[in-house]
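One file, query01.txt, carrying compact mmCIF, C-alpha atoms:
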```txt
# COMPACT_ATOMS: atom_id res chain seq x y z
CA MET A 653 4.84 20.36 20.94
CA GLU A 654 1.85 18.21 21.77
CA ALA A 655 1.93 16.36 18.44
CA GLU A 656 5.40 15.05 19.34
CA ALA A 657 5.06 14.69 23.12
CA VAL A 658 1.90 12.62 23.60
CA VAL A 659 2.63 8.91 24.13
CA LYS A 660 0.25 6.24 25.39
CA ASP A 661 1.27 2.85 26.76
CA TRP A 662 -1.05 0.89 24.48
CA TRP A 663 0.24 2.51 21.31
CA LEU A 664 2.29 0.40 18.91
CA TYR A 665 2.60 3.11 16.26
CA HIS A 666 4.15 6.41 17.37
CA GLY A 667 5.18 7.97 14.07
CA THR A 668 8.65 8.82 15.38
CA GLY A 669 10.67 5.80 14.24
CA GLY A 670 12.86 3.51 16.33
CA GLY A 671 10.04 1.04 16.83
CA ALA A 672 11.88 -2.31 17.07
CA ASP A 673 10.52 -3.00 20.56
CA ARG A 674 7.01 -1.93 19.54
CA ARG A 675 7.21 -4.15 16.45
CA ALA A 676 8.03 -7.06 18.75
CA ARG A 677 4.89 -6.27 20.75
CA LEU A 678 2.93 -6.11 17.50
CA GLU A 679 4.18 -9.54 16.41
CA SER A 680 3.63 -11.21 19.77
CA GLY A 681 0.26 -9.65 20.56
CA SER A 682 -2.82 -11.84 20.69
CA PRO A 683 -5.35 -11.11 17.93
CA PRO A 684 -9.10 -10.99 18.50
CA PRO A 685 -10.45 -14.57 18.23
CA TRP A 686 -12.25 -13.67 14.99
CA ARG A 687 -8.99 -12.35 13.45
CA ASP A 688 -6.77 -15.33 14.29
CA PHE A 689 -5.52 -16.98 11.08
CA THR A 690 -3.65 -20.23 10.61
CA GLY A 691 -1.49 -19.96 7.49
CA THR A 692 1.83 -21.81 7.52
CA PRO A 693 4.85 -19.77 6.38
CA ASP A 694 7.08 -21.12 3.62
CA PRO A 695 10.50 -21.60 5.32
CA GLY A 696 12.21 -20.96 2.00
CA TYR A 697 10.66 -17.52 1.51
CA ASP A 698 11.97 -14.36 3.15
CA ALA A 699 9.90 -11.22 2.72
CA PRO A 700 11.81 -8.01 1.91
CA GLY A 701 13.24 -6.50 5.06
CA CYS A 702 14.53 -3.10 6.10
CA GLU A 703 17.23 -2.72 3.49
CA GLY A 704 17.57 -2.03 -0.21
CA PRO A 705 16.16 0.69 -2.51
CA ALA A 706 12.48 -0.19 -1.95
CA TRP A 707 12.87 0.11 1.81
CA GLU A 708 14.76 3.39 1.48
CA ARG A 709 11.88 4.84 -0.54
CA THR A 710 9.41 3.71 2.13
CA ARG A 711 11.57 5.01 4.97
CA ARG A 712 12.21 8.43 3.42
CA ARG A 713 8.56 9.01 2.64
CA GLY A 714 7.30 7.71 5.97
CA GLU A 715 9.70 9.65 8.17
CA GLY A 716 8.30 12.94 6.90
CA TYR A 717 4.80 12.29 8.21
CA VAL A 718 3.64 14.03 11.40
CA PRO A 719 0.64 12.28 13.00
CA ASP A 720 -1.37 13.94 15.71
CA GLU A 721 -2.84 12.23 18.76
CA GLN A 722 -6.17 11.38 17.15
CA GLU A 723 -4.47 9.80 14.14
CA LYS A 724 -2.26 7.68 16.40
CA ASP A 725 -5.30 6.54 18.38
CA VAL A 726 -7.13 5.40 15.24
CA VAL A 727 -4.10 3.76 13.60
CA ASN A 728 -3.33 1.81 16.77
CA THR A 729 -6.95 0.76 17.05
CA ALA A 730 -6.71 -0.78 13.58
CA LEU A 731 -3.40 -2.48 14.48
CA HIS A 732 -4.81 -4.06 17.64
CA LEU A 733 -8.03 -5.19 15.94
CA ARG A 734 -6.18 -6.29 12.78
CA ARG A 735 -8.72 -4.53 10.62
CA PRO A 736 -8.27 -2.45 7.44
CA LEU A 737 -7.83 1.28 7.98
CA LEU A 738 -10.00 3.44 5.69
CA ILE A 739 -8.59 6.98 5.45
CA THR A 740 -10.68 9.76 3.91
CA GLY A 741 -9.82 13.40 3.29
CA LYS A 742 -9.09 15.97 0.62
CA PRO A 743 -6.29 15.36 -1.90
CA GLY A 744 -2.86 16.22 -0.57
CA VAL A 745 -3.50 15.87 3.19
CA GLY A 746 -1.19 12.86 3.55
CA LYS A 747 -3.51 9.85 3.34
CA SER A 748 -1.11 7.69 1.33
CA THR A 749 1.93 8.91 3.26
CA LEU A 750 0.43 7.59 6.50
CA ALA A 751 0.80 4.03 5.16
CA TYR A 752 4.52 4.64 4.62
CA SER A 753 4.77 6.17 8.09
CA ILE A 754 3.35 3.00 9.67
CA ALA A 755 5.79 0.78 7.76
CA SER A 756 8.74 3.05 8.56
CA ASP A 757 7.87 3.52 12.22
CA LEU A 758 7.52 -0.23 12.93
CA ASP A 759 10.20 -1.49 10.50
CA LEU A 760 7.69 -3.57 8.51
CA GLY A 761 9.54 -3.51 5.20
CA PRO A 762 8.63 -1.81 1.91
CA VAL A 763 5.00 -0.81 1.39
CA LEU A 764 3.05 -2.87 -1.13
CA HIS A 765 1.19 -0.41 -3.37
CA TRP A 766 -2.06 -1.23 -5.20
CA PRO A 767 -3.32 1.83 -7.15
CA ILE A 768 -7.02 1.61 -8.03
CA THR A 769 -8.72 2.75 -11.24
CA SER A 770 -12.25 2.36 -12.59
CA ARG A 771 -11.13 -0.81 -14.42
CA THR A 772 -9.52 -2.52 -11.41
CA VAL A 773 -10.98 -5.88 -10.35
CA LEU A 774 -10.22 -8.02 -7.33
CA ARG A 775 -8.03 -10.48 -9.23
CA ASP A 776 -5.66 -7.65 -10.21
CA GLY A 777 -4.69 -7.34 -6.57
CA LEU A 778 -4.61 -11.07 -5.82
CA TYR A 779 -2.59 -12.52 -8.70
CA LEU A 780 -1.67 -12.19 -12.37
CA TYR A 781 -1.85 -15.11 -14.82
CA ASP A 782 -0.41 -14.87 -18.33
CA ALA A 783 -2.59 -17.55 -19.93
CA ILE A 784 -1.82 -16.39 -23.47
CA GLY A 785 1.93 -16.54 -22.86
CA ARG A 786 1.62 -20.06 -21.50
CA LEU A 787 -0.39 -21.26 -24.50
CA GLN A 788 2.10 -19.71 -26.91
CA GLU A 789 5.03 -21.36 -25.14
CA ALA A 790 3.24 -24.72 -25.12
CA GLY A 791 2.72 -24.44 -28.87
CA LEU A 792 6.40 -23.67 -29.41
CA GLU A 793 7.41 -26.66 -27.28
CA GLN A 794 5.32 -28.92 -29.51
CA LEU A 795 7.04 -27.55 -32.61
CA ARG A 796 10.44 -28.23 -31.06
CA ARG A 797 9.67 -31.92 -30.45
CA PRO A 798 12.02 -34.23 -32.40
CA ALA A 799 10.89 -36.48 -35.24
CA ASP A 800 9.68 -40.03 -34.40
CA PRO A 801 11.97 -43.08 -35.10
CA ALA A 802 10.48 -43.51 -38.60
CA GLY A 803 11.90 -40.11 -39.48
CA THR A 804 8.63 -38.24 -39.70
CA ALA A 805 7.76 -35.34 -37.48
CA SER A 806 5.51 -36.10 -34.53
CA THR A 807 1.99 -34.75 -34.75
CA PRO A 808 1.83 -31.69 -32.46
CA ALA A 809 -0.57 -32.12 -29.58
CA PRO A 810 -2.92 -29.25 -28.89
CA PRO A 811 -1.74 -26.83 -26.20
CA PRO A 812 -3.23 -27.25 -22.73
CA ALA A 813 -6.39 -25.43 -21.84
CA PRO A 814 -5.95 -22.59 -19.31
CA GLY A 815 -5.51 -24.04 -15.82
CA SER A 816 -5.37 -27.67 -16.99
CA ALA A 817 -2.66 -30.16 -16.06
CA PRO A 818 0.40 -29.74 -18.29
CA GLY A 819 1.46 -32.45 -20.68
CA PRO A 820 5.01 -33.87 -20.73
CA HIS A 821 6.28 -31.05 -22.96
CA ALA A 822 4.16 -28.17 -21.59
CA PRO A 823 5.92 -25.41 -19.61
CA SER A 824 5.23 -25.18 -15.88
CA ILE A 825 2.37 -22.88 -14.96
CA SER A 826 4.54 -21.29 -12.26
CA ARG A 827 6.38 -19.25 -14.91
CA TYR A 828 3.14 -17.48 -15.83
CA LEU A 829 1.73 -16.78 -12.36
CA ARG A 830 2.66 -13.95 -10.02
CA LEU A 831 1.03 -12.70 -6.84
CA GLY A 832 -0.34 -9.15 -6.89
CA PRO A 833 0.11 -6.65 -4.05
CA LEU A 834 -2.90 -7.91 -2.08
CA GLY A 835 -1.94 -11.54 -2.68
CA THR A 836 1.63 -10.85 -1.55
CA ALA A 837 0.41 -9.09 1.60
CA LEU A 838 -1.68 -12.16 2.48
CA LEU A 839 1.24 -14.59 2.37
CA PRO A 840 1.58 -16.36 5.75
CA GLN A 841 4.21 -14.54 7.80
CA ASP A 842 4.80 -13.77 11.47
CA ARG A 843 5.32 -10.09 10.68
CA PRO A 844 2.59 -8.18 8.79
CA ARG A 845 3.26 -6.31 5.55
CA VAL A 846 1.77 -2.87 4.91
CA LEU A 847 -0.55 -2.74 1.88
CA LEU A 848 -1.67 0.62 0.48
CA VAL A 849 -4.90 0.36 -1.54
CA ASP A 850 -4.79 3.82 -3.08
CA GLU A 851 -7.94 5.76 -4.08
CA ILE A 852 -10.44 2.94 -3.67
CA ASP A 853 -13.24 5.44 -4.28
CA LYS A 854 -12.24 5.40 -7.97
CA SER A 855 -13.01 1.67 -8.23
CA ASP A 856 -15.85 -0.10 -9.96
CA ILE A 857 -18.91 -0.31 -7.72
CA ASP A 858 -18.33 -4.04 -7.07
CA LEU A 859 -14.74 -3.95 -5.77
CA PRO A 860 -15.43 -2.98 -2.12
CA GLY A 861 -17.96 -5.82 -1.88
CA ASP A 862 -15.57 -8.26 -3.54
CA LEU A 863 -12.94 -7.42 -0.94
CA LEU A 864 -15.18 -8.38 1.98
CA THR A 865 -14.61 -12.13 1.76
CA VAL A 866 -10.86 -11.72 1.41
CA PHE A 867 -10.74 -9.38 4.41
CA GLU A 868 -12.82 -11.77 6.50
CA ASP A 869 -11.06 -15.00 5.48
CA GLY A 870 -7.56 -13.59 5.32
CA GLY A 871 -6.93 -15.69 2.23
CA PHE A 872 -8.01 -16.71 -1.25
CA VAL A 873 -7.73 -19.52 -3.82
CA ILE A 874 -5.90 -19.36 -7.14
CA PRO A 875 -8.21 -21.49 -9.36
CA GLU A 876 -5.49 -22.21 -11.93
CA LEU A 877 -3.41 -23.89 -9.20
CA ALA A 878 -6.35 -25.54 -7.43
CA ARG A 879 -7.23 -27.39 -10.65
CA LEU A 880 -3.69 -28.79 -10.80
CA ALA A 881 -3.53 -29.78 -7.13
CA GLN A 882 -3.70 -33.56 -7.70
CA GLU A 883 -0.88 -33.57 -10.25
CA ASP A 884 1.19 -30.76 -8.69
CA PRO A 885 0.03 -29.91 -5.14
CA THR A 886 2.76 -27.33 -4.44
CA VAL A 887 3.80 -24.70 -6.96
CA ALA A 888 6.35 -21.91 -6.43
CA ILE A 889 5.44 -18.54 -7.95
CA GLY A 890 6.72 -14.96 -7.83
CA THR A 891 5.47 -12.09 -5.69
CA ASP A 892 4.62 -8.46 -6.30
CA ASP A 893 8.01 -7.49 -4.84
CA ASP A 894 10.01 -10.01 -6.83
CA PRO A 895 8.86 -12.14 -9.80
CA ASP A 896 11.71 -14.56 -9.00
CA ALA A 897 10.89 -14.95 -5.29
CA ALA A 898 9.40 -18.47 -5.78
CA VAL A 899 7.15 -18.69 -2.73
CA ARG A 900 5.42 -22.07 -2.48
CA ILE A 901 1.62 -22.23 -2.73
CA THR A 902 -0.05 -25.49 -1.63
CA GLN A 903 -3.36 -26.70 -3.05
CA GLY A 904 -3.75 -23.33 -4.73
CA ARG A 905 -4.60 -21.49 -1.50
CA VAL A 906 -2.93 -18.44 0.02
CA GLN A 907 -3.81 -18.07 3.71
CA CYS A 908 -2.33 -15.39 5.93
CA ARG A 909 -0.94 -16.01 9.39
CA TYR A 910 -0.90 -12.37 10.49
CA PHE A 911 -3.44 -10.13 8.78
CA PRO A 912 -1.59 -7.38 6.89
CA VAL A 913 -1.77 -3.69 7.77
CA VAL A 914 -4.21 -2.64 5.04
CA VAL A 915 -4.54 1.12 4.44
CA LEU A 916 -7.29 2.18 2.03
CA THR A 917 -7.45 5.80 0.91
CA SER A 918 -10.45 7.70 -0.43
CA ASN A 919 -10.89 11.27 -1.65
CA GLY A 920 -14.61 11.02 -0.89
CA GLU A 921 -15.75 10.70 -4.50
CA ARG A 922 -18.28 7.98 -3.58
CA ASP A 923 -19.96 6.26 -0.64
CA PHE A 924 -19.25 2.69 0.44
CA PRO A 925 -21.76 0.00 1.46
CA PRO A 926 -22.35 -0.45 5.21
CA ALA A 927 -21.03 -4.02 5.12
CA PHE A 928 -17.69 -2.71 3.86
CA LEU A 929 -17.54 0.17 6.34
CA ARG A 930 -18.34 -2.19 9.23
CA ARG A 931 -15.15 -4.13 8.53
CA CYS A 932 -12.91 -1.08 8.49
CA VAL A 933 -11.58 1.31 11.12
CA ARG A 934 -12.18 4.80 9.74
CA LEU A 935 -10.01 7.91 9.97
CA HIS A 936 -10.76 11.31 8.43
CA LEU A 937 -7.79 13.62 7.90
CA GLU A 938 -8.31 17.37 8.02
CA PRO A 939 -5.89 19.76 6.31
CA PRO A 940 -2.99 20.53 8.68
CA GLY A 941 -2.94 23.76 10.65
CA GLU A 942 -0.03 26.15 11.13
CA GLU A 943 1.59 24.22 13.99
CA LYS A 944 1.48 20.90 12.17
CA LEU A 945 2.73 22.46 8.94
CA ALA A 946 5.75 23.80 10.83
CA LEU A 947 6.49 20.30 12.14
CA ILE A 948 6.18 18.81 8.65
CA VAL A 949 8.56 21.39 7.18
CA ARG A 950 11.09 20.76 9.94
CA ARG A 951 10.94 17.00 9.51
CA ARG A 952 10.99 16.96 5.71
CA LEU A 953 13.33 19.87 4.95
CA GLY A 954 15.17 20.52 8.21
CA VAL A 955 13.89 24.11 8.27
CA ASP A 956 12.78 25.73 11.54
CA VAL A 957 9.85 27.83 10.35
CA GLU A 958 9.63 29.73 13.63
CA ALA A 959 13.23 30.92 13.27
CA GLY A 960 12.75 32.48 9.84
CA GLY A 961 10.24 35.20 9.06
CA GLU A 962 10.23 34.40 5.34
CA TYR A 963 9.19 30.79 5.93
CA GLN A 964 6.54 31.82 8.43
CA GLU A 965 5.11 34.08 5.73
CA LEU A 966 5.03 31.19 3.26
CA VAL A 967 3.13 29.05 5.77
CA ARG A 968 0.60 31.84 6.32
CA ASP A 969 0.29 32.38 2.56
CA PHE A 970 -0.38 28.67 2.15
CA ILE A 971 -3.12 28.70 4.80
CA ASP A 972 -4.69 31.86 3.37
CA ARG A 973 -4.73 30.52 -0.18
CA ALA A 974 -6.18 27.22 1.04
CA GLY A 975 -9.27 29.16 2.07
CA ASP A 976 -10.13 29.74 -1.60
CA GLY A 977 -9.54 26.15 -2.80
CA ASP A 978 -7.77 22.96 -1.82
CA LEU A 979 -3.98 22.85 -1.68
CA ALA A 980 -1.65 19.89 -1.03
CA THR A 981 0.97 20.03 1.70
CA ASP A 982 3.73 19.20 -0.76
CA GLN A 983 3.00 22.50 -2.52
CA LEU A 984 4.19 24.32 0.59
CA LEU A 985 7.27 22.08 0.70
CA ASN A 986 7.94 22.91 -2.95
CA ALA A 987 7.71 26.63 -2.21
CA ILE A 988 10.17 26.44 0.69
CA GLN A 989 12.53 24.22 -1.31
CA LEU A 990 12.60 26.81 -4.09
CA ARG A 991 13.38 29.59 -1.65
CA LEU A 992 16.16 27.48 -0.11
CA ALA A 993 17.63 27.19 -3.61
CA GLY A 994 17.44 30.95 -4.11
CA ALA A 995 14.76 30.74 -6.79
CA TRP A 996 12.05 33.40 -7.25
CA SER A 997 14.05 35.82 -5.08
CA ALA A 998 13.08 39.10 -6.75
CA PRO A 999 10.58 41.06 -4.59
CA GLY A 1000 8.31 41.72 -7.57
CA ASP A 1001 8.01 38.00 -8.34
CA ARG A 1002 6.27 37.01 -5.13
CA ASP A 1003 2.69 37.01 -6.42
CA ARG A 1004 3.62 35.04 -9.53
CA PHE A 1005 5.71 32.71 -7.36
CA LEU A 1006 2.75 31.87 -5.11
CA LYS A 1007 0.40 31.40 -8.05
CA THR A 1008 2.89 29.07 -9.72
CA VAL A 1009 3.71 26.76 -6.81
CA MET A 1010 0.41 27.00 -4.89
CA GLN A 1011 -2.15 26.49 -7.64
CA HIS A 1012 -5.52 25.43 -6.29
CA LEU A 1013 -6.57 21.80 -6.77
CA THR A 1014 -10.26 22.67 -6.50
CA GLY A 1015 -12.35 25.82 -6.59
CA PRO A 1016 -12.95 28.55 -9.18
CA THR A 1017 -9.24 29.15 -9.86
CA ALA A 1018 -8.21 25.47 -10.20
```

Represent the supplied structure as structure tokens.
Amino acid sequence: MEAEAVVKDWWLYHGTGGGADRRARLESGSPPPWRDFTGTPDPGYDAPGCEGPAWERTRRRGEGYVPDEQEKDVVNTALHLRRPLLITGKPGVGKSTLAYSIASDLDLGPVLHWPITSRTVLRDGLYLYDAIGRLQEAGLEQLRRPADPAGTASTPAPPPAPGSAPGPHAPSISRYLRLGPLGTALLPQDRPRVLLVDEIDKSDIDLPGDLLTVFEDGGFVIPELARLAQEDPTVAIGTDDDPDAAVRITQGRVQCRYFPVVVLTSNGERDFPPAFLRRCVRLHLEPPGEEKLALIVRRRLGVDVEAGGEYQELVRDFIDRAGDGDLATDQLLNAIQLRLAGAWSAPGDRDRFLKTVMQHLTGPTA
């Protein structure tokens, strides 16, 4: 089928897996001059690779995605330009899954996931700082101090102010700092990480604008570490993948070397400012048609829809019901999985079966 057969020489992402050679091209490719960053990797830090439970979750989810030619064109445009990819479309069309497909296809390691809500602010994605925990620990350290030579307890010193240099008994700030998903993605590495910023249209109105500087600079400053730079210029902190990773941050600045593959998804619940849109490569996903649905079912469940009349009927039922309100592709997969298990097999149950597993997400019957 065309969706599987079309291949272009300039493509890095194919959506079919086995992309070690294409990943090498991705890593060695020259960026646009305005997207060339100069971060220095920490030789003691190794980002998660293509092994372990997190990678298996990314691989399994990504391998089930079936991109068409237009989607591959747009994704590869974003990869070559090293720009964020903004994906819009109705719920359930596969926007988030495309991020996992990119990571799986090019062996880029587990996807970093940053889910957005109306309360999300930029710092949530960059780093987390437990200032209260640090102050409490500093207070406990003062109480543990031994008595002075005269036999009287030493007078406890006040705990350090947030971000100030620690005293001789204060705990290291590194124990209370951890990079968020965006901050982890921006760590300097020769191979990009994939970052999924999920449902950015649900964010506060300021978040897209706040992201502009980070996207342009490819880095950010952690003020709590910058204020300690003279006393402690290099501090090792955890990452979103691993709180014990201990990647070294110098002078409080995180600066990428290779801009990450940033995938932002939107259900179209709001508009974005032109300045934000200008910095993104945009892709709109339409609900899949019958041919693409058959490919998805084959890849995810190993079922050849064209060889079984019952499964063809379920695909047609799905398309027909989608005309009255939005449906998600995984609802069709659920229906076929149930039939594979022998569930809802009585002929008189078919209408109730379809209403149960293919409930509309929008529309008058949702």

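When only C-alpha atoms are used to compute distances to A:Thr1008, the closest of the residues A:Leu880, A:Leu990, A:Leu750, A:Ala898 turns out to be A:Leu990.
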
**Asked** From the list A:Val914, A:Leu760, A:Ile768, A:Ala751, which residue is nearest A:Leu834 when using all atoms listed in the file?
**Response**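 Comparing A:Val914, A:Leu760, A:Ile768, A:Ala751 against A:Leu834, the winner is A:Val914.
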
**Message:** What's the separation between atom CA of A:Arg934 and atom CA of A:Leu738, in Å to one decimal place?
**Reply:**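 Value for the atom CA of A:Arg934-atom CA of A:Leu738 distance: 4.8 Å.
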
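Between A:Phe911 and the candidates A:Leu985, A:Val955, A:Leu838, A:Leu678, the tightest atom-to-atom separation, counting only C-alpha atoms, involves A:Leu838.
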
**Prompt:** Quick one, how far is atom CA of A:Glu868 from atom CA of A:Pro912?
**Reply:** 12.1 Å

**Request:** Calculate how many Å separate atom CA of A:Ser824 from atom CA of A:Ala881, rounding to one decimal.
**Result:**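 Pair atom CA of A:Ser824 / atom CA of A:Ala881 returns 13.2 Å.
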
**Prompt:** Pick from A:Ala699, A:Ile901, A:Ala676, A:Val957: nearest to A:Lys944, with all atoms listed in the file counted?
**Reply:** A:Val957

**Message:** Would you pick out the contacts of A:Gly777 at 8 Å or less, using all atoms listed in the file, so that residues sharing its chain but fewer than 3 positions from it are not included, and give the list as a list in words?
**Reply:**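 Contacts, with the query itself left out: Trp766, Val773, Leu774, Leu831, Gly832, Pro833, Leu834 and Gly835 of chain A.
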
**Residue nearest A:Ser770 among A:Gly696, A:Thr729, A:Leu859, A:Thr690 (counting all atoms listed in the file)** =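 For A:Ser770, the nearest of the given residues is A:Leu859.
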
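The shortest atom-to-atom distance to A:Lys747, with all atoms listed in the file taken into account, belongs to A:Gly714 out of A:Gly890, A:Pro693, A:Gly714, A:Gly701.
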
Given the point (-0.9, 29.8, 3.7) in the coordinates of this file, which residues lie within 12 Å, counting only C-alpha atoms, and how would they look as a compact mmCIF listing (two decimals) with C-alpha atoms, keeping the file's coordinate frame?
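Dumped to selection29.txt:
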```txt
# COMPACT_ATOMS: atom_id res chain seq x y z
CA PRO A 939 -5.89 19.76 6.31
CA PRO A 940 -2.99 20.53 8.68
CA GLY A 941 -2.94 23.76 10.65
CA GLU A 942 -0.03 26.15 11.13
CA GLU A 943 1.59 24.22 13.99
CA LEU A 945 2.73 22.46 8.94
CA ALA A 946 5.75 23.80 10.83
CA TYR A 963 9.19 30.79 5.93
CA GLN A 964 6.54 31.82 8.43
CA GLU A 965 5.11 34.08 5.73
CA LEU A 966 5.03 31.19 3.26
CA VAL A 967 3.13 29.05 5.77
CA ARG A 968 0.60 31.84 6.32
CA ASP A 969 0.29 32.38 2.56
CA PHE A 970 -0.38 28.67 2.15
CA ILE A 971 -3.12 28.70 4.80
CA ASP A 972 -4.69 31.86 3.37
CA ARG A 973 -4.73 30.52 -0.18
CA ALA A 974 -6.18 27.22 1.04
CA GLY A 975 -9.27 29.16 2.07
CA ASP A 976 -10.13 29.74 -1.60
CA GLY A 977 -9.54 26.15 -2.80
CA ASP A 978 -7.77 22.96 -1.82
CA LEU A 979 -3.98 22.85 -1.68
CA ALA A 980 -1.65 19.89 -1.03
CA THR A 981 0.97 20.03 1.70
CA GLN A 983 3.00 22.50 -2.52
CA LEU A 984 4.19 24.32 0.59
CA LEU A 985 7.27 22.08 0.70
CA ALA A 987 7.71 26.63 -2.21
CA ILE A 988 10.17 26.44 0.69
CA LEU A 1006 2.75 31.87 -5.11
CA LYS A 1007 0.40 31.40 -8.05
CA VAL A 1009 3.71 26.76 -6.81
CA MET A 1010 0.41 27.00 -4.89
CA GLN A 1011 -2.15 26.49 -7.64
CA HIS A 1012 -5.52 25.43 -6.29
```
